[in-house]
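Here is input01.cif, consisting of mmCIF, C-alpha atoms:
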data_target
loop_
_atom_site.label_atom_id
_atom_site.label_comp_id
_atom_site.auth_asym_id
_atom_site.auth_seq_id
_atom_site.Cartn_x
_atom_site.Cartn_y
_atom_site.Cartn_z
CA MET U 1 61.24 -21.86 -90.79
CA MET U 2 57.99 -20.56 -92.24
CA LYS U 3 56.63 -17.73 -94.34
CA ALA U 4 55.14 -14.75 -92.52
CA VAL U 5 54.25 -11.11 -93.03
CA THR U 6 55.73 -8.78 -90.46
CA PHE U 7 56.91 -5.19 -90.08
CA ALA U 8 60.23 -3.77 -88.89
CA ASP U 9 58.87 -0.35 -87.88
CA PHE U 10 55.53 1.32 -87.36
CA GLY U 11 54.35 3.16 -90.44
CA ALA U 12 52.36 3.07 -93.66
CA PRO U 13 50.95 -0.20 -95.03
CA SER U 14 54.13 -0.64 -97.09
CA VAL U 15 56.05 -1.56 -93.91
CA LEU U 16 54.39 -4.97 -94.09
CA LYS U 17 56.79 -7.40 -95.76
CA ALA U 18 56.75 -11.11 -96.47
CA THR U 19 59.69 -12.79 -94.80
CA MET U 20 60.86 -16.02 -93.18
CA ILE U 21 60.68 -16.55 -89.42
CA GLU U 22 61.00 -19.43 -86.99
CA ARG U 23 58.17 -21.92 -87.15
CA PRO U 24 56.60 -22.32 -83.68
CA VAL U 25 56.83 -25.62 -81.84
CA PRO U 26 53.80 -26.77 -79.83
CA GLY U 27 54.16 -27.22 -76.09
CA PRO U 28 52.47 -30.14 -74.28
CA ASP U 29 49.02 -28.49 -74.27
CA ASP U 30 49.29 -26.79 -77.66
CA VAL U 31 48.34 -27.48 -81.22
CA LEU U 32 50.18 -26.33 -84.34
CA ILE U 33 47.82 -24.93 -86.96
CA ARG U 34 48.45 -24.50 -90.66
CA ILE U 35 46.72 -21.21 -91.46
CA HIS U 36 44.38 -21.18 -94.45
CA ALA U 37 42.73 -17.80 -94.02
CA ALA U 38 43.25 -14.71 -91.89
CA GLY U 39 40.92 -11.73 -91.76
CA VAL U 40 42.34 -8.22 -91.64
CA CYS U 41 40.83 -6.34 -88.71
CA TYR U 42 41.07 -2.58 -88.36
CA HIS U 43 42.81 -3.34 -85.08
CA ASP U 44 45.69 -4.72 -87.21
CA VAL U 45 45.80 -1.44 -89.12
CA LEU U 46 46.03 0.50 -85.86
CA SER U 47 48.66 -1.89 -84.47
CA ARG U 48 50.81 -1.50 -87.58
CA GLY U 49 50.51 2.27 -87.29
CA GLY U 50 51.66 2.22 -83.66
CA LYS U 51 48.29 3.43 -82.37
CA ILE U 52 47.59 0.54 -79.99
CA PRO U 53 49.25 0.79 -76.56
CA GLY U 54 51.75 -2.02 -76.15
CA SER U 55 52.14 -2.64 -79.88
CA LYS U 56 55.65 -3.47 -81.00
CA PRO U 57 57.12 -3.81 -84.48
CA GLY U 58 58.30 -7.21 -85.55
CA ARG U 59 55.20 -9.05 -84.45
CA VAL U 60 53.03 -11.18 -86.70
CA LEU U 61 49.60 -9.54 -86.74
CA GLY U 62 46.20 -11.11 -87.29
CA HIS U 63 43.70 -12.57 -84.85
CA GLU U 64 40.99 -13.79 -87.24
CA ILE U 65 42.35 -17.19 -88.09
CA ALA U 66 41.05 -20.38 -89.67
CA GLY U 67 43.19 -23.38 -90.43
CA GLU U 68 43.88 -27.02 -89.82
CA ILE U 69 45.57 -28.72 -86.88
CA VAL U 70 48.73 -30.37 -88.20
CA GLU U 71 50.53 -31.26 -84.98
CA THR U 72 49.52 -31.78 -81.36
CA GLY U 73 51.43 -31.42 -78.10
CA ALA U 74 52.17 -34.43 -75.93
CA ASP U 75 49.05 -33.92 -73.78
CA VAL U 76 46.63 -33.26 -76.63
CA PRO U 77 44.81 -36.16 -78.31
CA ALA U 78 46.53 -36.89 -81.61
CA ASP U 79 43.18 -37.51 -83.27
CA ARG U 80 42.72 -33.75 -83.43
CA ILE U 81 45.26 -33.70 -86.27
CA GLY U 82 43.42 -32.77 -89.45
CA GLU U 83 40.63 -30.93 -87.60
CA PRO U 84 39.51 -27.67 -89.27
CA VAL U 85 39.46 -24.95 -86.62
CA VAL U 86 39.18 -21.28 -85.90
CA ILE U 87 41.24 -19.83 -83.12
CA TYR U 88 39.64 -18.13 -80.14
CA GLN U 89 41.98 -15.18 -80.20
CA ARG U 90 42.21 -14.38 -76.49
CA LEU U 91 44.77 -16.62 -74.77
CA TYR U 92 43.03 -16.66 -71.39
CA CYS U 93 44.13 -18.09 -68.06
CA GLY U 94 41.05 -20.22 -67.39
CA LEU U 95 41.48 -19.77 -63.65
CA CYS U 96 40.34 -16.25 -62.75
CA ARG U 97 36.81 -15.32 -61.71
CA TYR U 98 36.06 -13.95 -65.17
CA CYS U 99 37.19 -17.07 -67.00
CA LEU U 100 35.38 -19.30 -64.54
CA SER U 101 32.16 -17.39 -65.20
CA GLY U 102 32.54 -17.75 -68.97
CA ARG U 103 33.77 -14.20 -69.56
CA GLN U 104 37.16 -15.02 -71.04
CA ASP U 105 37.00 -11.63 -72.78
CA LEU U 106 37.54 -9.95 -69.40
CA CYS U 107 40.51 -12.08 -68.28
CA ARG U 108 43.25 -9.81 -66.90
CA ASN U 109 45.86 -12.53 -67.29
CA SER U 110 45.31 -12.90 -71.00
CA ARG U 111 46.78 -11.64 -74.22
CA VAL U 112 45.33 -11.42 -77.70
CA LEU U 113 46.92 -13.31 -80.54
CA GLY U 114 48.34 -11.01 -83.20
CA GLU U 115 48.78 -7.78 -81.28
CA SER U 116 51.04 -9.75 -78.94
CA GLY U 117 52.59 -11.74 -81.79
CA GLY U 118 52.05 -15.23 -83.14
CA GLY U 119 49.21 -14.00 -85.34
CA GLY U 120 47.54 -15.09 -88.52
CA TYR U 121 49.71 -13.44 -91.18
CA ALA U 122 51.87 -16.56 -91.32
CA GLU U 123 51.90 -20.15 -92.50
CA PHE U 124 51.55 -21.57 -89.01
CA THR U 125 50.65 -20.55 -85.49
CA CYS U 126 50.65 -22.36 -82.20
CA VAL U 127 47.98 -22.00 -79.50
CA PRO U 128 46.65 -23.93 -76.51
CA ALA U 129 44.44 -26.75 -77.77
CA ARG U 130 41.41 -25.29 -75.97
CA ASN U 131 41.65 -22.18 -78.17
CA ALA U 132 41.20 -24.24 -81.34
CA VAL U 133 37.44 -24.40 -81.99
CA ARG U 134 36.19 -26.92 -84.53
CA ILE U 135 34.62 -25.48 -87.68
CA PRO U 136 31.18 -26.98 -88.43
CA ASP U 137 30.92 -29.12 -91.53
CA GLY U 138 30.26 -27.20 -94.72
CA LEU U 139 31.64 -23.86 -93.57
CA ASP U 140 34.60 -22.75 -95.65
CA MET U 141 37.77 -21.39 -94.07
CA THR U 142 37.46 -17.88 -95.51
CA ALA U 143 34.08 -17.33 -93.91
CA ALA U 144 34.97 -19.22 -90.73
CA ALA U 145 37.96 -16.93 -90.10
CA LEU U 146 35.49 -14.11 -89.49
CA ALA U 147 33.65 -15.96 -86.72
CA VAL U 148 36.02 -14.97 -83.96
CA CYS U 149 36.19 -11.22 -84.47
CA PRO U 150 33.60 -9.49 -86.66
CA VAL U 151 30.76 -11.92 -86.05
CA GLY U 152 31.76 -12.86 -82.51
CA THR U 153 32.22 -9.23 -81.50
CA SER U 154 28.78 -8.47 -82.86
CA VAL U 155 27.28 -11.34 -80.86
CA ARG U 156 28.97 -9.92 -77.74
CA ALA U 157 27.72 -6.39 -78.48
CA ARG U 158 24.20 -7.71 -78.76
CA SER U 159 24.61 -9.11 -75.25
CA ALA U 160 25.62 -5.63 -74.06
CA TRP U 161 22.21 -4.18 -74.86
CA ARG U 162 19.92 -7.15 -74.45
CA ARG U 163 19.39 -6.02 -70.87
CA SER U 164 17.75 -2.92 -72.27
CA SER U 165 14.13 -3.11 -71.19
CA ARG U 166 12.56 -2.04 -74.45
CA VAL U 167 13.99 -1.94 -77.94
CA ARG U 168 12.09 -0.13 -80.64
CA ARG U 169 14.75 1.45 -82.77
CA CYS U 170 18.38 0.67 -83.14
CA SER U 171 20.94 2.81 -84.89
CA LEU U 172 23.95 1.14 -86.45
CA LEU U 173 26.90 3.29 -87.33
CA ALA U 174 28.47 1.30 -90.07
CA PRO U 175 30.65 3.29 -92.42
CA ALA U 176 33.68 1.14 -92.05
CA ALA U 177 33.66 -1.89 -89.92
CA VAL U 178 31.81 -4.68 -88.28
CA TRP U 179 28.14 -4.30 -89.01
CA ALA U 180 28.54 -3.25 -92.60
CA CYS U 181 30.42 -6.46 -93.24
CA ILE U 182 27.70 -8.73 -92.04
CA ARG U 183 24.42 -9.73 -93.48
CA PHE U 184 22.30 -10.81 -90.56
CA ARG U 185 18.88 -12.29 -90.43
CA TRP U 186 18.27 -12.93 -86.78
CA SER U 187 14.65 -13.67 -86.25
CA ARG U 188 12.40 -10.92 -85.11
CA ALA U 189 10.57 -12.27 -82.13
CA MET A 190 15.70 -9.11 -82.57
CA ASN A 191 12.62 -7.02 -82.22
CA ALA A 192 14.28 -3.86 -83.49
CA HIS A 193 13.88 -1.36 -86.26
CA ALA A 194 17.44 -0.76 -87.45
CA ILE A 195 18.56 2.60 -88.83
CA ALA A 196 22.06 2.42 -90.30
CA VAL A 197 24.26 5.44 -90.86
CA THR A 198 26.95 5.55 -93.52
CA SER A 199 29.08 8.34 -94.89
CA SER A 200 29.04 6.95 -98.42
CA GLU A 201 26.19 6.58 -100.90
CA ASP A 202 28.12 3.66 -102.41
CA LYS A 203 27.65 1.64 -99.23
CA SER A 204 23.99 2.46 -98.79
CA GLU A 205 22.56 -0.46 -100.72
CA ILE A 206 25.00 -2.95 -99.20
CA VAL A 207 24.12 -1.83 -95.69
CA LYS A 208 20.45 -2.21 -96.54
CA GLN A 209 21.07 -5.71 -97.88
CA ALA A 210 22.82 -6.45 -94.59
CA GLY A 211 19.54 -6.00 -92.79
CA ALA A 212 19.07 -2.30 -92.08
CA ASP A 213 15.45 -1.16 -92.24
CA GLU A 214 16.55 2.36 -93.12
CA VAL A 215 19.84 3.92 -94.18
CA ILE A 216 20.93 7.49 -93.57
CA VAL A 217 23.69 8.65 -95.90
CA SER A 218 25.56 11.37 -94.04
CA PRO A 219 28.84 12.46 -95.66
CA ASP A 220 29.36 15.20 -93.05
CA LEU A 221 28.38 12.85 -90.21
CA LYS A 222 25.75 15.26 -88.92
CA PHE A 223 23.04 12.63 -88.71
CA SER A 224 21.27 13.17 -85.39
CA GLY A 225 18.72 15.58 -86.87
CA GLU A 226 17.72 13.04 -89.47
CA VAL A 227 17.46 10.29 -86.85
CA TRP A 228 15.30 12.64 -84.80
CA ARG A 229 13.07 13.31 -87.80
CA ARG A 230 12.72 9.66 -88.78
CA THR A 231 11.84 8.58 -85.25
CA GLY A 232 9.18 11.24 -84.77
CA LYS A 233 11.41 13.11 -82.30
CA GLN A 234 11.66 10.01 -80.12
CA GLY A 235 15.28 9.04 -80.77
CA VAL A 236 16.73 5.53 -80.78
CA ASP A 237 16.86 3.16 -77.83
CA VAL A 238 20.17 1.54 -78.76
CA VAL A 239 23.21 2.76 -80.66
CA LEU A 240 25.87 0.30 -81.77
CA GLU A 241 28.90 2.55 -82.18
CA ASN A 242 31.83 1.06 -84.06
CA VAL A 243 33.37 4.31 -85.29
CA VAL A 244 33.28 6.79 -82.36
CA SER A 245 35.74 9.41 -83.68
CA ASN A 246 33.67 12.16 -85.31
CA THR A 247 30.41 10.32 -84.63
CA PHE A 248 30.06 9.91 -80.88
CA GLY A 249 28.48 13.28 -80.15
CA GLU A 250 25.90 12.75 -82.87
CA SER A 251 25.21 9.25 -81.55
CA LEU A 252 24.47 10.63 -78.10
CA ARG A 253 22.21 13.30 -79.60
CA SER A 254 20.32 10.59 -81.53
CA THR A 255 19.18 8.75 -78.41
CA ALA A 256 15.84 8.40 -76.70
CA GLN A 257 15.48 8.67 -72.93
CA ASN A 258 17.27 5.88 -71.05
CA ALA A 259 19.03 4.65 -74.20
CA VAL A 260 22.09 2.43 -74.37
CA VAL A 261 25.10 3.41 -76.48
CA VAL A 262 27.29 0.35 -77.01
CA VAL A 263 30.86 1.22 -77.98
CA LEU A 264 32.36 -1.76 -79.81
CA GLY A 265 34.81 -0.16 -82.22
CA ASN A 266 37.26 2.69 -82.34
CA ILE A 267 38.32 3.51 -85.88
CA GLY A 268 40.23 6.72 -85.28
CA ALA A 269 41.62 5.77 -81.86
CA THR A 270 41.30 9.38 -80.76
CA ARG A 271 39.73 10.96 -77.68
CA VAL A 272 36.20 12.25 -77.90
CA GLU A 273 34.25 14.83 -75.92
CA ILE A 274 31.04 14.02 -74.06
CA ASP A 275 28.31 16.46 -73.12
CA PRO A 276 27.62 15.35 -69.53
CA GLY A 277 24.40 17.34 -69.42
CA LEU A 278 23.00 15.35 -72.29
CA VAL A 279 24.02 12.07 -70.66
CA ILE A 280 22.32 13.10 -67.42
CA VAL A 281 19.14 14.52 -68.90
CA ARG A 282 18.53 11.53 -71.18
CA ARG A 283 19.88 8.97 -68.65
CA ILE A 284 22.12 7.58 -71.38
CA ARG A 285 24.04 4.43 -70.51
CA ILE A 286 27.39 4.08 -72.31
CA SER A 287 28.42 0.44 -72.44
CA GLY A 288 31.76 -0.88 -73.66
CA SER A 289 31.88 -4.16 -75.54
CA GLY A 290 34.88 -5.97 -76.97
CA ASN A 291 36.15 -9.44 -77.80
CA ALA A 292 33.80 -12.35 -77.99
CA THR A 293 33.70 -14.97 -75.29
CA TYR A 294 34.42 -18.58 -76.15
CA LYS A 295 30.67 -19.19 -76.17
CA ASP A 296 30.11 -16.23 -78.50
CA VAL A 297 32.52 -17.78 -81.01
CA GLU A 298 30.57 -21.02 -80.93
CA ILE A 299 27.37 -19.04 -81.56
CA ALA A 300 29.09 -17.12 -84.37
CA LEU A 301 30.20 -20.35 -86.05
CA HIS A 302 26.67 -21.69 -85.79
CA LEU A 303 25.21 -18.50 -87.31
CA LEU A 304 27.69 -18.73 -90.19
CA ALA A 305 27.23 -22.46 -90.75
CA THR A 306 23.46 -22.21 -90.87
CA GLY A 307 23.51 -19.18 -93.16
CA ALA A 308 21.78 -16.99 -90.58
CA VAL A 309 24.74 -14.64 -90.93
CA LYS A 310 26.58 -14.21 -94.20
CA PRO A 311 29.91 -12.43 -93.96
CA PHE A 312 30.46 -9.69 -96.49
CA ILE A 313 33.96 -10.24 -97.86
CA GLY A 314 35.22 -7.38 -99.99
CA ALA A 315 38.52 -8.86 -101.12
CA VAL A 316 40.57 -12.04 -100.75
CA LEU A 317 44.28 -11.42 -101.20
CA PRO A 318 47.33 -13.69 -100.90
CA PHE A 319 49.30 -13.14 -97.69
CA PRO A 320 52.25 -11.33 -99.34
CA ARG A 321 49.76 -8.62 -100.40
CA ALA A 322 48.74 -7.86 -96.81
CA SER A 323 50.03 -4.30 -97.24
CA GLU A 324 47.53 -3.81 -100.04
CA GLY A 325 44.74 -5.03 -97.80
CA HIS A 326 45.76 -2.59 -95.07
CA ALA A 327 45.87 0.27 -97.57
CA MET A 328 42.41 -0.60 -98.86
CA MET A 329 41.01 -0.50 -95.34
CA GLU A 330 42.83 2.67 -94.37
CA GLN A 331 41.59 4.46 -97.47
CA ARG A 332 38.11 3.00 -97.05
CA ALA A 333 38.51 1.59 -100.55
CA VAL A 334 36.83 -1.71 -99.73
CA VAL A 335 33.34 -2.55 -98.56
CA GLY A 336 33.38 -5.59 -96.33
CA ARG A 337 36.18 -7.59 -94.86
CA VAL A 338 39.60 -8.20 -96.41
CA VAL A 339 40.74 -11.79 -95.97
CA LEU A 340 44.24 -13.12 -96.62
CA SER A 341 44.56 -16.60 -98.06
CA GLY A 342 47.32 -18.42 -99.95
CA TRP A 343 50.97 -17.60 -100.52
#
For this file, produce the structure as structure tokens.
Amino acid sequence: MMKAVTFADFGAPSVLKATMIERPVPGPDDVLIRIHAAGVCYHDVLSRGGKIPGSKPGRVLGHEIAGEIVETGADVPADRIGEPVVIYQRLYCGLCRYCLSGRQDLCRNSRVLGESGGGGYAEFTCVPARNAVRIPDGLDMTAAALAVCPVGTSVRARSAWRRSSRVRRCSLLAPAAVWACIRFRWSRA
Amino acid sequence: MNAHAIAVTSSEDKSEIVKQAGADEVIVSPDLKFSGEVWRRTGKQGVDVVLENVVSNTFGESLRSTAQNAVVVVLGNIGATRVEIDPGLVIVRRIRISGSGNATYKDVEIALHLLATGAVKPFIGAVLPFPRASEGHAMMEQRAVVGRVVLSGW
């Protein structure tokens, strides 16, 4: 068993309760991760409120996860135990044309950790070993947890407009979410 | 990035933080009627790119803030409600509306590098133990926190 925060019904924030649930067991290609930090995304807020299609109560939310590998499946090198990692939140197939071209974000055979359960509001989670991305030395878990969603989503968004032929002015609407949370100093070429 | 960034926020309290985050200019717009001010500040040229992470109650103003042939990137959806689009405006200005979502695996590696080198510093508004997740959700819902809420420890 393990500690987790879950919700029995959609509703106000107070529906989130700490409880005990089954601890996941890694399959042959999986790793078990002890979670150190989990960011709260506004997507979690919408999921809890029943505003995301396909959301269901009872799931463990959270897709911004940093932790440490504590157990490996039979087909995963055991020397990954102890590795500090963030979790790439989309559990992709790796076989479709999108995955093969490096666009795992477009995989139609995928699901996202948290909104589909197994998320970060828990002591442990279990994911395919390829989804566990090593944290560079010196980066603490709290900051690293934000790499996958707020920072990573911003990196992706930048790709969406890089094809624009000419950029003079850029408007950022930031009252609540991603960009307001990030201090960025990308070089100005 | 060779861009001049104009940030829009509904709250004066967030103005300085948004500026520290890298915005060249900040428009404080409690009523979210900001396109006129964008128009004024850009010499009636409009902006070439909008990064829209709110959409509800802002999308129309974002479209009206654009220059000809601009790109409006939709990467967030705070209210999760439907919005109206003025098709005439989209046609006349040749606006391209581009959806953007999860990172790719490669994007995450880039994000980790940006964080590890200090090129990007995350703005964390609160760190709460996991059993207080409900408090974190309430803070976000009520816009009572600036920056990310992170859960850590039991």
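Pairwise distance (CA of Leu106 (chain U), CA of Asp237 (chain A)) equals 25.9 Å.
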Can you spell out as an mmCIF file with C-alpha atoms, in the coordinates of the input the set of residues that the PyMOL selection byres ((chain A) within 6 of (chain U)) selects in the structure I just provided?
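The new file expr.cif reads:
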data_model
loop_
_atom_site.group_PDB
_atom_site.id
_atom_site.type_symbol
_atom_site.label_atom_id
_atom_site.label_comp_id
_atom_site.auth_asym_id
_atom_site.auth_seq_id
_atom_site.Cartn_x
_atom_site.Cartn_y
_atom_site.Cartn_z
ATOM 1 C CA MET A 190 15.700 -9.110 -82.570
ATOM 2 C CA ASN A 191 12.620 -7.020 -82.220
ATOM 3 C CA ALA A 192 14.280 -3.860 -83.490
ATOM 4 C CA HIS A 193 13.880 -1.360 -86.260
ATOM 5 C CA ALA A 194 17.440 -0.760 -87.450
ATOM 6 C CA ILE A 195 18.560 2.600 -88.830
ATOM 7 C CA ALA A 196 22.060 2.420 -90.300
ATOM 8 C CA VAL A 197 24.260 5.440 -90.860
ATOM 9 C CA THR A 198 26.950 5.550 -93.520
ATOM 10 C CA SER A 199 29.080 8.340 -94.890
ATOM 11 C CA VAL A 207 24.120 -1.830 -95.690
ATOM 12 C CA ALA A 210 22.820 -6.450 -94.590
ATOM 13 C CA GLY A 211 19.540 -6.000 -92.790
ATOM 14 C CA VAL A 236 16.730 5.530 -80.780
ATOM 15 C CA ASP A 237 16.860 3.160 -77.830
ATOM 16 C CA VAL A 238 20.170 1.540 -78.760
ATOM 17 C CA VAL A 239 23.210 2.760 -80.660
ATOM 18 C CA LEU A 240 25.870 0.300 -81.770
ATOM 19 C CA GLU A 241 28.900 2.550 -82.180
ATOM 20 C CA SER A 289 31.880 -4.160 -75.540
ATOM 21 C CA ASN A 291 36.150 -9.440 -77.800
ATOM 22 C CA ALA A 292 33.800 -12.350 -77.990
ATOM 23 C CA THR A 293 33.700 -14.970 -75.290
ATOM 24 C CA ASP A 296 30.110 -16.230 -78.500
ATOM 25 C CA VAL A 297 32.520 -17.780 -81.010
ATOM 26 C CA ALA A 300 29.090 -17.120 -84.370
ATOM 27 C CA LEU A 301 30.200 -20.350 -86.050
ATOM 28 C CA ALA A 305 27.230 -22.460 -90.750
ATOM 29 C CA ALA A 308 21.780 -16.990 -90.580
ATOM 30 C CA VAL A 309 24.740 -14.640 -90.930
ATOM 31 C CA LYS A 310 26.580 -14.210 -94.200
ATOM 32 C CA PRO A 311 29.910 -12.430 -93.960
ATOM 33 C CA PHE A 312 30.460 -9.690 -96.490
ATOM 34 C CA PRO A 320 52.250 -11.330 -99.340
ATOM 35 C CA SER A 323 50.030 -4.300 -97.240
ATOM 36 C CA HIS A 326 45.760 -2.590 -95.070
ATOM 37 C CA ALA A 327 45.870 0.270 -97.570
ATOM 38 C CA GLY A 336 33.380 -5.590 -96.330
ATOM 39 C CA VAL A 338 39.600 -8.200 -96.410
ATOM 40 C CA VAL A 339 40.740 -11.790 -95.970
ATOM 41 C CA LEU A 340 44.240 -13.120 -96.620
ATOM 42 C CA SER A 341 44.560 -16.600 -98.060
#
If you apply the PyMOL selection byres ((chain A and resi 315) around 7) to this file, what residues do you get, as a count of residues only? 7
Compile the contact shell of Ser204 (chain A) as a PDB file with C-alpha atoms, in the frame of the given file: residues with an atom at most 8 Å away, counting all atoms listed in the file, same-chain residues fewer than 4 positions apart removed.
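Saved file result.pdb follows:
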ATOM      1  CA  THR A 198      26.950   5.550 -93.520  1.00  0.00           C
ATOM      2  CA  SER A 200      29.040   6.950 -98.420  1.00  0.00           C
ATOM      3  CA  LYS A 208      20.450  -2.210 -96.540  1.00  0.00           C
ATOM      4  CA  VAL A 215      19.840   3.920 -94.180  1.00  0.00           C
ATOM      5  CA  ILE A 216      20.930   7.490 -93.570  1.00  0.00           C
ATOM      6  CA  VAL A 217      23.690   8.650 -95.900  1.00  0.00           C
TER       7      VAL A 217
END
Could you check which of U:Leu100, U:Ile69, U:Leu113, U:Val76 is closest to Ile33 (chain U), using all atoms listed in the file?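 Ranked by minimum distance to Ile33 (chain U), first place goes to U:Ile69.
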Please evaluate the PyMOL selection byres ((chain A and resi 225) around 12) against the structure above and give the resulting residues as an mmCIF file with C-alpha atoms, in the frame of the given file.
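The result, written out as selection04.cif:
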data_model
loop_
_atom_site.group_PDB
_atom_site.id
_atom_site.type_symbol
_atom_site.label_atom_id
_atom_site.label_comp_id
_atom_site.auth_asym_id
_atom_site.auth_seq_id
_atom_site.Cartn_x
_atom_site.Cartn_y
_atom_site.Cartn_z
ATOM 1 C CA ILE A 216 20.930 7.490 -93.570
ATOM 2 C CA SER A 218 25.560 11.370 -94.040
ATOM 3 C CA LEU A 221 28.380 12.850 -90.210
ATOM 4 C CA LYS A 222 25.750 15.260 -88.920
ATOM 5 C CA PHE A 223 23.040 12.630 -88.710
ATOM 6 C CA SER A 224 21.270 13.170 -85.390
ATOM 7 C CA GLU A 226 17.720 13.040 -89.470
ATOM 8 C CA VAL A 227 17.460 10.290 -86.850
ATOM 9 C CA TRP A 228 15.300 12.640 -84.800
ATOM 10 C CA ARG A 229 13.070 13.310 -87.800
ATOM 11 C CA ARG A 230 12.720 9.660 -88.780
ATOM 12 C CA THR A 231 11.840 8.580 -85.250
ATOM 13 C CA GLY A 232 9.180 11.240 -84.770
ATOM 14 C CA LYS A 233 11.410 13.110 -82.300
ATOM 15 C CA GLN A 234 11.660 10.010 -80.120
ATOM 16 C CA GLY A 235 15.280 9.040 -80.770
ATOM 17 C CA VAL A 236 16.730 5.530 -80.780
ATOM 18 C CA GLU A 250 25.900 12.750 -82.870
ATOM 19 C CA SER A 251 25.210 9.250 -81.550
ATOM 20 C CA LEU A 252 24.470 10.630 -78.100
ATOM 21 C CA ARG A 253 22.210 13.300 -79.600
ATOM 22 C CA SER A 254 20.320 10.590 -81.530
ATOM 23 C CA THR A 255 19.180 8.750 -78.410
#
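Taking CA of Thr125 (chain U) and CA of Arg321 (chain A) as endpoints, the distance between them is 19.1 Å.
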Quick one: distance from CA of Val262 (chain A) to CA of Ser287 (chain A) in Å, one decimal?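 Those two atoms sit 4.7 Å apart.
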What box, with edges along x, y and z, holds each listed atom of region 149-163 of chain U when 5 Å is added on every side, and can you state its centre and edge lengths in Å to one decimal, as AutoDock Vina command-line options?
--center_x 27.8 --center_y -8.5 --center_z -78.8 --size_x 26.8 --size_y 18.7 --size_z 25.8
Nearby residues (only C-alpha atoms) at most 8 Å from Val70 (chain U), same-chain spacing under 2 positions excluded, as a VMD selection string: chain U and resid 31 to 34 68 72 81 to 82
